[in-house]
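Enquirer: start31.cif is reproduced in full below (mmCIF, C-alpha atoms and all ligand atoms).
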data_data
loop_
_atom_site.label_atom_id
_atom_site.label_comp_id
_atom_site.auth_asym_id
_atom_site.auth_seq_id
_atom_site.Cartn_x
_atom_site.Cartn_y
_atom_site.Cartn_z
CA MET A 1 7.88 -54.85 9.15
CA ALA A 2 5.08 -52.94 10.86
CA ASP A 3 1.61 -52.81 9.32
CA PHE A 4 -0.89 -50.01 9.70
CA VAL A 5 -4.66 -49.83 10.05
CA VAL A 6 -6.31 -46.48 9.36
CA PHE A 7 -9.86 -45.93 10.59
CA ILE A 8 -11.73 -44.03 7.88
CA GLU A 9 -14.34 -41.81 9.48
CA GLN A 10 -17.65 -41.12 7.78
CA ARG A 11 -20.78 -39.43 8.99
CA GLN A 12 -24.03 -39.75 7.03
CA GLY A 13 -22.06 -41.20 4.14
CA VAL A 14 -19.54 -38.36 3.93
CA ILE A 15 -15.88 -39.22 4.53
CA LYS A 16 -13.94 -36.86 6.80
CA LYS A 17 -11.03 -35.27 4.96
CA ALA A 18 -8.96 -35.52 8.15
CA SER A 19 -9.12 -39.32 8.06
CA LEU A 20 -7.83 -39.26 4.46
CA GLU A 21 -4.95 -37.12 5.76
CA ALA A 22 -4.28 -39.85 8.37
CA LEU A 23 -4.38 -42.42 5.55
CA SER A 24 -1.95 -40.34 3.46
CA GLU A 25 0.48 -40.07 6.38
CA ALA A 26 0.23 -43.80 7.14
CA ILE A 27 1.12 -44.58 3.51
CA ARG A 28 4.10 -42.15 3.67
CA GLN A 29 5.35 -43.65 6.94
CA SER A 30 4.78 -47.24 5.77
CA LYS A 31 7.46 -46.59 3.13
CA ASN A 32 9.88 -45.40 5.83
CA ILE A 33 9.41 -48.37 8.13
CA ASP A 34 8.40 -51.04 5.60
CA GLY A 35 4.75 -51.89 6.24
CA ASN A 36 1.39 -52.24 4.54
CA VAL A 37 -1.57 -49.95 5.11
CA THR A 38 -5.14 -51.21 5.38
CA ALA A 39 -7.98 -48.69 5.44
CA VAL A 40 -10.95 -49.77 7.55
CA LEU A 41 -14.36 -48.32 6.72
CA ILE A 42 -17.36 -48.83 9.02
CA CYS A 43 -20.61 -47.66 7.44
CA THR A 44 -24.14 -48.49 6.33
CA ASP A 45 -23.40 -48.72 2.63
CA SER A 46 -19.91 -48.37 1.17
CA THR A 47 -20.91 -48.18 -2.52
CA SER A 48 -20.33 -44.46 -3.00
CA LEU A 49 -17.35 -44.24 -0.63
CA VAL A 50 -14.91 -46.88 -1.84
CA LYS A 51 -13.33 -44.88 -4.67
CA SER A 52 -12.53 -41.85 -2.56
CA ILE A 53 -10.50 -44.15 -0.27
CA THR A 54 -8.86 -46.46 -2.81
CA SER A 55 -7.67 -43.48 -4.88
CA PHE A 56 -5.10 -42.91 -2.12
CA GLN A 57 -3.81 -46.44 -2.78
CA PRO A 58 -3.74 -48.26 0.55
CA ALA A 59 -2.63 -51.90 0.20
CA LYS A 60 -6.16 -53.01 1.09
CA LEU A 61 -9.61 -51.76 2.07
CA VAL A 62 -11.63 -53.62 4.70
CA ILE A 63 -15.33 -52.76 4.93
CA ILE A 64 -17.65 -53.52 7.81
CA GLN A 65 -21.17 -52.48 6.95
CA GLY A 66 -24.72 -52.78 8.19
CA PRO A 67 -27.71 -50.70 9.30
CA GLU A 68 -26.37 -50.64 12.87
CA TYR A 69 -23.58 -48.27 11.70
CA ASN A 70 -25.97 -45.61 10.39
CA GLU A 71 -25.47 -43.43 13.49
CA TYR A 72 -22.12 -43.41 15.28
CA SER A 73 -22.27 -45.55 18.41
CA THR A 74 -19.15 -45.92 20.52
CA GLU A 75 -19.84 -49.54 21.41
CA SER A 76 -20.77 -50.85 17.97
CA TYR A 77 -17.97 -48.97 16.17
CA ALA A 78 -15.44 -50.08 18.80
CA ASN A 79 -16.59 -53.67 18.40
CA ALA A 80 -16.24 -53.44 14.60
CA LEU A 81 -12.80 -51.84 14.71
CA GLN A 82 -11.60 -54.39 17.28
CA THR A 83 -12.75 -57.20 14.97
CA ALA A 84 -10.75 -55.67 12.08
CA ILE A 85 -7.64 -55.18 14.23
CA GLU A 86 -7.78 -58.76 15.55
CA LYS A 87 -7.92 -60.01 11.97
CA LEU A 88 -5.28 -57.68 10.51
CA ASN A 89 -2.82 -57.70 13.41
CA PRO A 90 -1.29 -54.25 12.71
CA LYS A 91 1.40 -52.49 14.71
CA TYR A 92 -0.01 -48.96 14.29
CA ILE A 93 -3.62 -47.79 14.25
CA PHE A 94 -4.27 -44.26 12.99
CA ALA A 95 -7.42 -42.14 13.03
CA ALA A 96 -8.18 -38.44 12.73
CA ASN A 97 -8.16 -36.42 15.95
CA THR A 98 -11.83 -35.53 15.55
CA ALA A 99 -14.66 -35.86 18.09
CA MET A 100 -15.28 -39.40 16.80
CA GLY A 101 -11.58 -40.33 16.71
CA LYS A 102 -11.03 -39.05 20.25
CA ASP A 103 -14.05 -41.02 21.48
CA LEU A 104 -13.38 -44.27 19.65
CA ILE A 105 -9.62 -44.79 19.54
CA PRO A 106 -8.78 -44.58 23.29
CA ARG A 107 -11.58 -47.05 23.98
CA VAL A 108 -10.26 -49.56 21.44
CA ALA A 109 -6.72 -48.99 22.74
CA ALA A 110 -7.94 -49.81 26.25
CA HIS A 111 -9.52 -53.02 24.92
CA PHE A 112 -6.08 -54.11 23.67
CA THR A 113 -4.36 -52.68 26.82
CA SER A 114 -2.22 -50.66 24.43
CA PRO A 115 -0.93 -47.08 24.45
CA CYS A 116 -2.78 -44.28 22.72
CA ILE A 117 -1.38 -40.86 21.79
CA THR A 118 -3.96 -38.28 20.74
CA ASP A 119 -3.44 -35.03 18.81
CA VAL A 120 -0.23 -36.14 17.10
CA VAL A 121 1.31 -33.34 15.01
CA GLU A 122 4.45 -35.08 13.73
CA LEU A 123 5.63 -38.63 13.14
CA ILE A 124 9.29 -39.58 13.04
CA ALA A 125 10.57 -42.86 11.60
CA ASP A 126 13.20 -44.24 13.97
CA GLY A 127 14.62 -47.38 12.37
CA SER A 128 11.65 -49.72 12.06
CA HIS A 129 9.57 -47.81 14.65
CA LEU A 130 7.56 -44.62 14.75
CA LEU A 131 7.90 -41.84 17.28
CA ALA A 132 4.89 -39.57 17.82
CA VAL A 133 5.15 -35.88 18.64
CA LYS A 134 2.31 -34.05 20.38
CA PRO A 135 1.84 -30.65 22.06
CA MET A 136 1.69 -30.60 25.86
CA TYR A 137 0.86 -27.96 28.51
CA SER A 138 -1.21 -25.91 26.04
CA ALA A 139 1.55 -26.28 23.43
CA LYS A 140 4.18 -24.71 25.71
CA ALA A 141 6.15 -27.93 25.12
CA TYR A 142 6.19 -30.80 22.63
CA GLY A 143 6.58 -34.40 23.82
CA THR A 144 8.11 -37.14 21.67
CA PHE A 145 6.75 -40.59 22.48
CA ALA A 146 8.19 -44.03 21.71
CA PHE A 147 5.96 -47.08 22.06
CA ASN A 148 6.98 -50.04 24.16
CA SER A 149 4.14 -52.28 22.96
CA ASN A 150 3.03 -54.57 20.15
CA ILE A 151 0.18 -52.26 19.11
CA ALA A 152 0.06 -48.46 19.25
CA PHE A 153 -2.91 -46.17 18.65
CA MET A 154 -2.69 -42.58 17.46
CA THR A 155 -5.07 -39.82 16.47
CA LEU A 156 -3.61 -37.26 14.05
CA ARG A 157 -4.45 -33.55 14.20
CA PRO A 158 -6.49 -32.43 11.15
CA ASN A 159 -4.90 -30.09 8.59
CA VAL A 160 -1.34 -30.87 9.72
CA PHE A 161 -0.51 -33.90 7.55
CA PRO A 162 -0.88 -33.18 3.81
CA LEU A 163 -3.22 -35.19 1.62
CA ALA A 164 -1.40 -37.44 -0.86
CA GLU A 165 -1.99 -37.21 -4.60
CA LYS A 166 -4.99 -39.26 -5.71
CA THR A 167 -4.76 -41.93 -8.41
CA GLU A 168 -7.96 -42.43 -10.39
CA SER A 169 -7.02 -45.89 -11.68
CA ALA A 170 -6.02 -47.41 -8.35
CA ASN A 171 -6.57 -51.15 -8.14
CA VAL A 172 -6.96 -51.82 -4.44
CA PRO A 173 -8.33 -55.14 -3.18
CA SER A 174 -11.28 -54.75 -0.85
CA GLU A 175 -12.80 -57.22 1.55
CA THR A 176 -16.05 -57.17 3.49
CA LEU A 177 -15.67 -58.35 7.04
CA SER A 178 -18.61 -59.63 9.02
CA CYS A 179 -18.70 -58.61 12.60
CA PRO A 180 -20.70 -60.42 15.29
CA PRO A 181 -23.41 -58.07 16.61
CA ILE A 182 -23.20 -56.95 20.20
CA GLN A 183 -25.68 -55.76 22.78
CA VAL A 184 -25.38 -51.96 22.51
CA ARG A 185 -26.13 -50.36 25.87
CA ALA A 186 -26.29 -46.75 24.71
CA LYS A 187 -27.56 -45.66 21.33
CA VAL A 188 -28.37 -42.38 19.61
CA ILE A 189 -32.15 -41.97 19.33
CA GLU A 190 -32.23 -38.44 17.93
CA THR A 191 -29.74 -35.94 16.52
CA LYS A 192 -30.51 -32.23 16.57
CA ALA A 193 -28.22 -30.41 14.20
CA SER A 194 -26.97 -27.14 15.60
CA GLU A 195 -26.99 -24.03 13.45
CA LYS A 196 -24.65 -25.14 10.67
CA GLN A 197 -21.41 -23.34 9.86
CA LYS A 198 -20.96 -23.21 6.12
CA LEU A 199 -17.53 -24.78 6.68
CA GLU A 200 -16.46 -27.17 9.46
CA LEU A 201 -14.09 -25.17 11.69
CA THR A 202 -11.55 -27.95 12.20
CA GLU A 203 -11.25 -28.58 8.46
CA ALA A 204 -11.41 -25.01 7.15
CA PRO A 205 -8.29 -23.81 5.29
CA ILE A 206 -8.97 -20.21 6.41
CA ILE A 207 -10.46 -19.04 9.71
CA VAL A 208 -11.46 -15.52 10.75
CA SER A 209 -11.87 -15.42 14.55
CA GLY A 210 -13.35 -12.72 16.74
CA GLY A 211 -12.71 -11.87 20.38
CA ARG A 212 -13.87 -9.33 22.93
CA GLY A 213 -12.34 -6.59 20.78
CA ILE A 214 -15.30 -6.78 18.40
CA LYS A 215 -17.37 -5.23 21.22
CA GLY A 216 -20.68 -7.07 20.73
CA PRO A 217 -22.58 -9.83 18.86
CA GLU A 218 -24.00 -7.28 16.41
CA ASN A 219 -20.52 -7.09 14.87
CA TRP A 220 -20.23 -10.73 13.75
CA ALA A 221 -21.71 -9.57 10.43
CA MET A 222 -18.51 -7.58 9.82
CA LEU A 223 -16.36 -10.70 10.34
CA GLN A 224 -18.82 -12.86 8.37
CA SER A 225 -18.36 -10.55 5.36
CA LEU A 226 -14.60 -11.14 5.54
CA CYS A 227 -15.26 -14.90 5.88
CA ASP A 228 -17.51 -14.83 2.81
CA VAL A 229 -15.00 -13.06 0.61
CA LEU A 230 -12.16 -15.37 1.74
CA GLY A 231 -14.19 -18.60 1.83
CA ALA A 232 -13.32 -18.83 5.53
CA ALA A 233 -14.99 -20.32 8.60
CA LEU A 234 -15.86 -18.13 11.57
CA GLY A 235 -14.18 -18.78 14.93
CA ALA A 236 -14.27 -17.15 18.36
CA SER A 237 -12.43 -16.80 21.65
CA ARG A 238 -13.88 -18.19 24.84
CA ALA A 239 -14.52 -14.73 26.27
CA VAL A 240 -17.18 -14.05 23.64
CA VAL A 241 -18.65 -17.54 23.92
CA ASP A 242 -18.95 -17.09 27.70
CA ALA A 243 -20.52 -13.66 27.10
CA GLY A 244 -23.22 -15.40 25.02
CA TRP A 245 -22.27 -13.59 21.80
CA ILE A 246 -21.86 -16.86 19.88
CA ASP A 247 -22.36 -20.61 20.34
CA HIS A 248 -19.63 -22.80 21.87
CA GLN A 249 -19.22 -24.75 18.59
CA TYR A 250 -17.27 -21.71 17.28
CA GLN A 251 -14.79 -21.60 20.17
CA VAL A 252 -11.12 -22.12 19.38
CA GLY A 253 -8.72 -23.07 22.16
CA GLN A 254 -7.92 -25.39 25.00
CA THR A 255 -11.58 -25.91 25.91
CA GLY A 256 -12.81 -25.37 22.36
CA LYS A 257 -11.66 -26.71 19.00
CA THR A 258 -8.09 -27.27 17.85
CA VAL A 259 -7.55 -25.87 14.38
CA SER A 260 -4.62 -25.80 11.93
CA PRO A 261 -5.72 -23.73 8.94
CA GLN A 262 -3.43 -22.28 6.27
CA LEU A 263 -4.48 -18.80 7.44
CA TYR A 264 -5.86 -17.72 10.83
CA ILE A 265 -6.99 -14.10 11.21
CA ALA A 266 -7.46 -13.14 14.88
CA CYS A 267 -9.60 -10.00 15.25
CA GLY A 268 -9.64 -8.34 18.66
CA ILE A 269 -8.23 -11.42 20.41
CA SER A 270 -5.56 -10.83 23.06
CA GLY A 271 -3.78 -14.18 22.60
CA ALA A 272 -4.23 -15.85 26.00
CA ILE A 273 -2.34 -19.14 26.26
CA GLN A 274 -5.61 -21.11 26.28
CA HIS A 275 -6.61 -19.54 22.95
CA LEU A 276 -3.16 -20.09 21.41
CA ALA A 277 -3.33 -23.77 22.42
CA GLY A 278 -6.09 -24.24 19.87
CA MET A 279 -4.59 -22.40 16.90
CA ASN A 280 -0.82 -22.14 17.25
CA SER A 281 -0.17 -24.74 14.54
CA SER A 282 -1.90 -22.49 11.96
CA LYS A 283 0.48 -21.94 9.02
CA ILE A 284 0.05 -18.13 8.79
CA ILE A 285 -1.39 -16.07 11.64
CA VAL A 286 -2.60 -12.52 11.12
CA ALA A 287 -3.45 -10.55 14.27
CA ILE A 288 -5.52 -7.36 14.27
CA ASN A 289 -5.40 -5.66 17.66
CA ASN A 290 -5.28 -2.04 18.83
CA ASN A 291 -2.86 -2.87 21.67
CA PRO A 292 0.71 -3.20 20.32
CA ASP A 293 1.63 -5.19 23.45
CA ALA A 294 -1.09 -7.83 22.99
CA PRO A 295 0.49 -11.31 23.41
CA ILE A 296 -1.01 -12.50 20.10
CA PHE A 297 1.64 -10.40 18.27
CA LYS A 298 4.39 -12.67 19.67
CA LEU A 299 2.95 -15.57 17.68
CA ALA A 300 1.57 -13.69 14.66
CA THR A 301 3.22 -13.96 11.26
CA TYR A 302 1.75 -10.54 10.40
CA GLY A 303 0.51 -8.04 12.97
CA LEU A 304 -1.82 -5.12 12.26
CA VAL A 305 -1.92 -2.64 15.14
CA GLY A 306 -5.21 -0.79 14.85
CA ASP A 307 -8.95 -0.76 15.24
CA VAL A 308 -10.77 -3.86 13.93
CA PHE A 309 -13.67 -1.63 12.87
CA ALA A 310 -11.37 0.32 10.56
CA ILE A 311 -9.20 -2.58 9.33
CA VAL A 312 -11.66 -5.45 8.75
CA PRO A 313 -14.07 -3.61 6.40
CA LYS A 314 -11.12 -2.18 4.45
CA LEU A 315 -9.49 -5.62 4.19
CA THR A 316 -12.78 -7.10 2.98
CA GLU A 317 -13.13 -4.36 0.35
CA GLU A 318 -9.55 -4.77 -0.89
CA ILE A 319 -9.89 -8.57 -1.18
CA LYS A 320 -13.17 -8.08 -3.08
CA LYS A 321 -11.36 -5.73 -5.47
CA LEU A 322 -8.51 -8.23 -5.96
CA LYS A 323 -11.06 -10.92 -6.75
CA GLY A 324 -12.91 -8.59 -9.10
CA GLU A 325 -16.06 -8.76 -6.96
CA SER A 326 -16.58 -5.04 -6.47
C1 LIG A 401 -9.21 -23.37 32.02
C2 LIG A 401 -9.37 -22.30 30.97
C3 LIG A 401 -9.67 -22.66 29.67
C4 LIG A 401 -9.79 -21.68 28.70
N1 LIG A 401 -10.07 -22.06 27.40
C5 LIG A 401 -10.11 -21.12 26.43
C6 LIG A 401 -10.32 -21.48 25.07
O1 LIG A 401 -10.53 -22.64 24.73
N2 LIG A 401 -10.31 -20.49 24.14
C7 LIG A 401 -10.12 -19.17 24.46
O2 LIG A 401 -10.15 -18.30 23.56
N3 LIG A 401 -9.94 -18.81 25.74
C8 LIG A 401 -9.95 -19.74 26.73
N4 LIG A 401 -9.80 -19.36 28.03
C9 LIG A 401 -9.89 -17.91 28.34
C10 LIG A 401 -8.61 -17.15 28.09
O3 LIG A 401 -7.80 -17.20 29.25
C11 LIG A 401 -8.94 -15.66 27.78
O4 LIG A 401 -9.69 -15.13 28.84
C12 LIG A 401 -9.71 -15.45 26.48
O5 LIG A 401 -9.07 -16.14 25.43
C13 LIG A 401 -9.75 -13.95 26.18
O6 LIG A 401 -10.55 -13.73 25.06
P1 LIG A 401 -10.32 -12.45 24.15
O7 LIG A 401 -8.94 -12.44 23.63
O8 LIG A 401 -11.45 -12.40 23.19
O9 LIG A 401 -10.58 -11.26 25.18
P2 LIG A 401 -9.57 -10.25 25.85
O10 LIG A 401 -8.48 -10.94 26.55
O11 LIG A 401 -10.41 -9.30 26.63
O12 LIG A 401 -8.91 -9.49 24.61
C14 LIG A 401 -9.58 -8.61 23.78
C15 LIG A 401 -8.53 -7.98 22.88
O13 LIG A 401 -9.17 -7.14 21.96
C16 LIG A 401 -8.35 -6.00 21.77
N5 LIG A 401 -9.23 -4.90 21.31
C17 LIG A 401 -10.15 -4.20 22.03
N6 LIG A 401 -10.78 -3.31 21.23
C18 LIG A 401 -10.24 -3.45 20.00
C19 LIG A 401 -10.46 -2.81 18.75
N7 LIG A 401 -11.41 -1.89 18.60
N8 LIG A 401 -9.70 -3.18 17.70
C20 LIG A 401 -8.74 -4.13 17.82
N9 LIG A 401 -8.50 -4.78 18.97
C21 LIG A 401 -9.24 -4.45 20.05
C22 LIG A 401 -7.71 -5.73 23.12
O14 LIG A 401 -6.49 -5.01 22.96
C23 LIG A 401 -7.49 -7.14 23.62
O15 LIG A 401 -6.19 -7.61 23.27
C24 LIG A 401 -9.65 -20.31 29.02
C25 LIG A 401 -9.36 -19.96 30.34
C26 LIG A 401 -9.22 -20.93 31.30
C27 LIG A 401 -8.88 -20.52 32.71
#
Mind turning the file's structure into structure tokens?

Expert:
Amino acid sequence: MADFVVFIEQRQGVIKKASLEALSEAIRQSKNIDGNVTAVLICTDSTSLVKSITSFQPAKLVIIQGPEYNEYSTESYANALQTAIEKLNPKYIFAANTAMGKDLIPRVAAHFTSPCITDVVELIADGSHLLAVKPMYSAKAYGTFAFNSNIAFMTLRPNVFPLAEKTESANVPSETLSCPPIQVRAKVIETKASEKQKLELTEAPIIVSGGRGIKGPENWAMLQSLCDVLGAALGASRAVVDAGWIDHQYQVGQTGKTVSPQLYIACGISGAIQHLAGMNSSKIIVAINNNPDAPIFKLATYGLVGDVFAIVPKLTEEIKKLKGES
């Protein structure tokens, strides 16, 4: 028997969908290897959040709450999660592979001198143990990891593990855990929100990305129109971020964000390995490029050889027509 703890991530009282995906996968795997799943929520006030977690039916919900958890702080969140793990004694600890997950989980793993695998894209039940699969060398290879330890920490890539069906009438016991306060040495004193994407890139089901082939920042409007009609988030290659055409928060790739949408439309992007590293687990990839030899076509599900300035507006118009919007 191997029990699970899943760290449920919230920011400003909004639960990250990716951590509910991690919870869904933990519940699926717990059936394969015979274990119980406890969701752990660290927040200021859990009142409005409980139902959205319990509807996935973990065996238990543990809540650690207080004003000190209003802003994410590595030290106070790590201290709270450590307290929960010491009490629950799980074998596997899951979290989403988000900025918070990647900051928090390795630190807590180090506290327990335990292994941590980030960016897991597949889990395999091997008898009563789990094996974790993750991309390596910019996804040129995939490594399968076994754990030789009592506790193992993993962060799961968003949009890869499907959400389980919710049950409205779930009866899940919940417990509030008190956590001794600690002396926090670094705390957030101010947050300046950057210009907000309508949709968070790492969670978007559809992404339209632009590269150097769009010629200049004045042409984002063309891609934004396609985003609007598809309900997509806008992404970018590093070349255009480095050129100052768009902010770094939009960058997809090895030194940008890792995304796994249902549909990724690459417009004027050559398909350098560092870009592919951030989007190659997308379910369907459409590449629009005027060079038939562009490397992106090797990965693309559908390739359109042609000029983005001819194809994108036409595509936008046709989708509008299909949706009855024009
Ligand atoms: C350490 C390191 C980390 C990196 N990290 C990242 C990263 O995170 N993300 C990332 O994206 N890159 C990253 N890079 C950079 C990467 O190597 C490439 O330089 C970059 O991805 C190229 O961007 P691009 O495809 O927009 O530009 P280009 O390679 O210049 O490609 C532009 C493409 O547009 C096409 N095109 C031109 N005109 C048109 C038109 N009118 N219609 C249609 N197509 C057209 C061209 O055929 C070409 O294929 C990294 C590099 C290094 C060394």

Enquirer: Give me, as a tab-separated table, the closest atom pair and its distance (Å, one decimal) for every residue of chain A within a cut-off of 8 Å of ligand LIG 401 (chain A), counting all atoms listed in the file, rows sorted by chain and rising number.

Expert:
residue	atom	partner	partner_atom	distance
A:Gly210	CA	A:LIG401	O8	6.7
A:Gly211	CA	A:LIG401	O8	3.1
A:Arg212	CA	A:LIG401	O8	3.9
A:Gly213	CA	A:LIG401	O13	3.4
A:Ile214	CA	A:LIG401	N7	6.3
A:Lys215	CA	A:LIG401	N6	6.9
A:Ala236	CA	A:LIG401	O2	6.7
A:Ser237	CA	A:LIG401	O2	3.3
A:Arg238	CA	A:LIG401	C7	3.9
A:Ala239	CA	A:LIG401	O6	4.3
A:Val240	CA	A:LIG401	O8	6.0
A:Gln251	CA	A:LIG401	N2	6.1
A:Val252	CA	A:LIG401	N2	5.1
A:Gly253	CA	A:LIG401	O1	3.2
A:Gln254	CA	A:LIG401	O1	3.8
A:Thr255	CA	A:LIG401	O1	3.6
A:Gly256	CA	A:LIG401	O1	4.3
A:Lys257	CA	A:LIG401	O1	7.1
A:Cys267	CA	A:LIG401	C20	6.5
A:Gly268	CA	A:LIG401	O13	3.5
A:Ile269	CA	A:LIG401	O7	3.5
A:Ser270	CA	A:LIG401	O15	3.3
A:Gly271	CA	A:LIG401	O7	5.5
A:Ala272	CA	A:LIG401	O5	4.9
A:Ile273	CA	A:LIG401	O3	6.5
A:Gln274	CA	A:LIG401	C5	4.5
A:His275	CA	A:LIG401	O2	3.8
A:Leu276	CA	A:LIG401	O2	7.5
A:Ala277	CA	A:LIG401	O1	7.6
A:Gly278	CA	A:LIG401	O1	6.8
A:Ile288	CA	A:LIG401	C20	5.8
A:Asn289	CA	A:LIG401	N9	3.5
A:Asn290	CA	A:LIG401	C20	4.2
A:Asn291	CA	A:LIG401	O14	4.4
A:Pro292	CA	A:LIG401	O14	7.9
A:Ala294	CA	A:LIG401	O15	5.1
A:Pro295	CA	A:LIG401	O15	7.6
A:Ile296	CA	A:LIG401	O15	7.8
A:Val305	CA	A:LIG401	C20	7.5
A:Gly306	CA	A:LIG401	C20	5.7
A:Asp307	CA	A:LIG401	N8	3.5
A:Val308	CA	A:LIG401	N8	4.0
A:Phe309	CA	A:LIG401	N7	6.2

Enquirer: Calculate how many Å separate CA of Asn79 in chain A from CA of Arg107 in chain A, rounding to one decimal.

Expert: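 Distance reported for this atom pair: 10.0 Å.
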
Enquirer: Would you mind reading off the distance between CA of Ala84 in chain A and CA of Ala164 in chain A, one decimal, in Å?

Expert: 24.2 Å

Enquirer: Calculated over all atoms listed in the file, which of the candidates A:Asn70, A:Thr144, A:Asn97, A:Ser48 has the smallest distance to Leu131 in chain A?

Expert: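 Ranked by minimum distance to Leu131 in chain A, first place goes to A:Thr144.
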
Enquirer: Tell me, as a ChimeraX atom specification, which residues lie within 10 Å of Ile8 in chain A, counting all atoms listed in the file; anything in the same chain fewer than 3 positions away does not count.

Expert: /A:5,15-23,39-43,53,61,63,94-96,101

Enquirer: Kindly give the distance, in Å, that separates CA of Ala232 in chain A and CA of Gln262 in chain A, rounded to a single decimal.

Expert: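 CA of Ala232 in chain A sits 10.5 Å away from CA of Gln262 in chain A.
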
Enquirer: Need the shell around Lys283 in chain A: protein/DNA/RNA residues with any atom at most 9 Å away, counting all atoms listed in the file. Skip same-chain ones fewer than 3 positions apart. Format as a PyMOL selection string?

Expert: chain A and resi 260-264+280+301

Enquirer: Find, counting all atoms listed in the file, the residue in A:Glu68, A:Gln224, A:Val50, A:Val259 that gets nearest to Pro205 in chain A.

Expert: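 Among the listed residues, the smallest separation from Pro205 in chain A belongs to A:Val259.
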
Enquirer: Per residue of range 211-278 of chain A within 10 Å of range 317-321 of chain A, what are the shortest atom pair and its distance in Å to one decimal, counting all atoms listed in the file, with rows by chain and residue number, as a Markdown table?

Expert:
| residue | atom | partner | partner_atom | distance |
| --- | --- | --- | --- | --- |
| A:Ser225 | CA | A:Glu317 | CA | 9.5 |
| A:Leu226 | CA | A:Ile319 | CA | 8.6 |
| A:Asp228 | CA | A:Lys320 | CA | 10.0 |
| A:Val229 | CA | A:Lys320 | CA | 6.5 |
| A:Leu230 | CA | A:Ile319 | CA | 7.7 |

Enquirer: With distances taken over only C-alpha atoms, which of A:Ala2, A:Val188, A:Leu199, A:Ile27 is nearest to Leu163 in chain A?

Expert: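 The closest residue to Leu163 in chain A is A:Ile27.
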
Enquirer: Just checking: using only C-alpha atoms, which residue out of A:Asn159, A:Thr258, A:Asn36, A:Gln183 ends up closest to Glu75 in chain A?

Expert: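 Ranking A:Asn159, A:Thr258, A:Asn36, A:Gln183 by distance to Glu75 in chain A, first place goes to A:Gln183.
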
Enquirer: Between A:Gly66, A:Pro115, A:Gly303, A:Pro158, which is the closest to Leu177 in chain A once you count all atoms listed in the file?

Expert: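 Nearest to Leu177 in chain A: A:Gly66.
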
Enquirer: Could you check which of A:Glu122, A:Ala186, A:Lys91, A:Phe161 is closest to Gly143 in chain A, using only C-alpha atoms?

Expert: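 Checking each candidate against Gly143 in chain A, we get A:Glu122 as the closest.
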
Enquirer: What would the list of residues within 7 Å of (-21.1, -57.4, 15.7) (file frame) look like as a ChimeraX atom specification, if all atoms listed in the file are what count?

Expert: /A:76,79-80,179-182

Enquirer: Which residues are near Lys198 in chain A? Cut-off 10 Å, only C-alpha atoms, ignore same chain within fewer than 2 positions. Put them as a ChimeraX atom specification.

Expert: /A:195-196,200-201,204,228,231-234

Enquirer: Contacts of Lys31 in chain A at 12 Å or less, counting only C-alpha atoms, minus same-chain residues fewer than 4 places along, as a ChimeraX atom specification?

Expert: /A:1-4,24-27,35-37,58-59,125,127-130

Enquirer: What's the 7 Å shell around Ala170 in chain A, counting only C-alpha atoms, without same-chain residues fewer than 4 positions away, as a list in words?

Expert: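 These residues fall inside the cut-off: Thr54, Ser55 and Gln57 of chain A.
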
Enquirer: Which polymer residues, protein or nucleic acid, are no farther than 10 Å from (-3.2, -35.8, 24.9), counting only C-alpha atoms, as an MDAnalysis selection string?

Expert: chainID A and resid 102 116:120 134:137 143 155

Enquirer: Quick one: what's the axis-aligned box for range 207-212 of chain A, all listed atoms, 8 Å on every side, centre and edges in Å to one decimal, as AutoDock Vina command-line options?

Expert:
--center_x -12.2 --center_y -14.2 --center_z 16.3 --size_x 19.4 --size_y 25.7 --size_z 29.2

Enquirer: Where atoms are absent from range 172-180 of chain A, fill them in so it carries N, CA and C atoms, then output it as an mmCIF file, in the frame of the given file.

Expert:
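That gives us out.cif:
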data_model
loop_
_atom_site.group_PDB
_atom_site.id
_atom_site.type_symbol
_atom_site.label_atom_id
_atom_site.label_comp_id
_atom_site.auth_asym_id
_atom_site.auth_seq_id
_atom_site.Cartn_x
_atom_site.Cartn_y
_atom_site.Cartn_z
ATOM 1 N N VAL A 172 -7.190 -51.442 -5.839
ATOM 2 C CA VAL A 172 -6.960 -51.820 -4.440
ATOM 3 C C VAL A 172 -7.925 -52.948 -4.058
ATOM 4 N N PRO A 173 -7.404 -54.079 -3.583
ATOM 5 C CA PRO A 173 -8.330 -55.140 -3.180
ATOM 6 C C PRO A 173 -9.178 -54.718 -1.980
ATOM 7 N N SER A 174 -10.461 -55.063 -2.026
ATOM 8 C CA SER A 174 -11.280 -54.750 -0.850
ATOM 9 C C SER A 174 -11.985 -56.014 -0.358
ATOM 10 N N GLU A 175 -12.245 -56.032 0.911
ATOM 11 C CA GLU A 175 -12.800 -57.220 1.550
ATOM 12 C C GLU A 175 -13.887 -56.771 2.519
ATOM 13 N N THR A 176 -15.003 -57.494 2.513
ATOM 14 C CA THR A 176 -16.050 -57.170 3.490
ATOM 15 C C THR A 176 -15.918 -58.128 4.659
ATOM 16 N N LEU A 177 -15.878 -57.546 5.832
ATOM 17 C CA LEU A 177 -15.670 -58.350 7.040
ATOM 18 C C LEU A 177 -16.986 -58.404 7.793
ATOM 19 N N SER A 178 -17.380 -59.596 8.204
ATOM 20 C CA SER A 178 -18.610 -59.630 9.020
ATOM 21 C C SER A 178 -18.208 -59.550 10.488
ATOM 22 N N CYS A 179 -19.040 -58.900 11.217
ATOM 23 C CA CYS A 179 -18.700 -58.610 12.600
ATOM 24 C C CYS A 179 -19.856 -59.070 13.481
ATOM 25 N N PRO A 180 -19.588 -59.930 14.446
ATOM 26 C CA PRO A 180 -20.700 -60.420 15.290
ATOM 27 C C PRO A 180 -21.385 -59.260 16.015
#
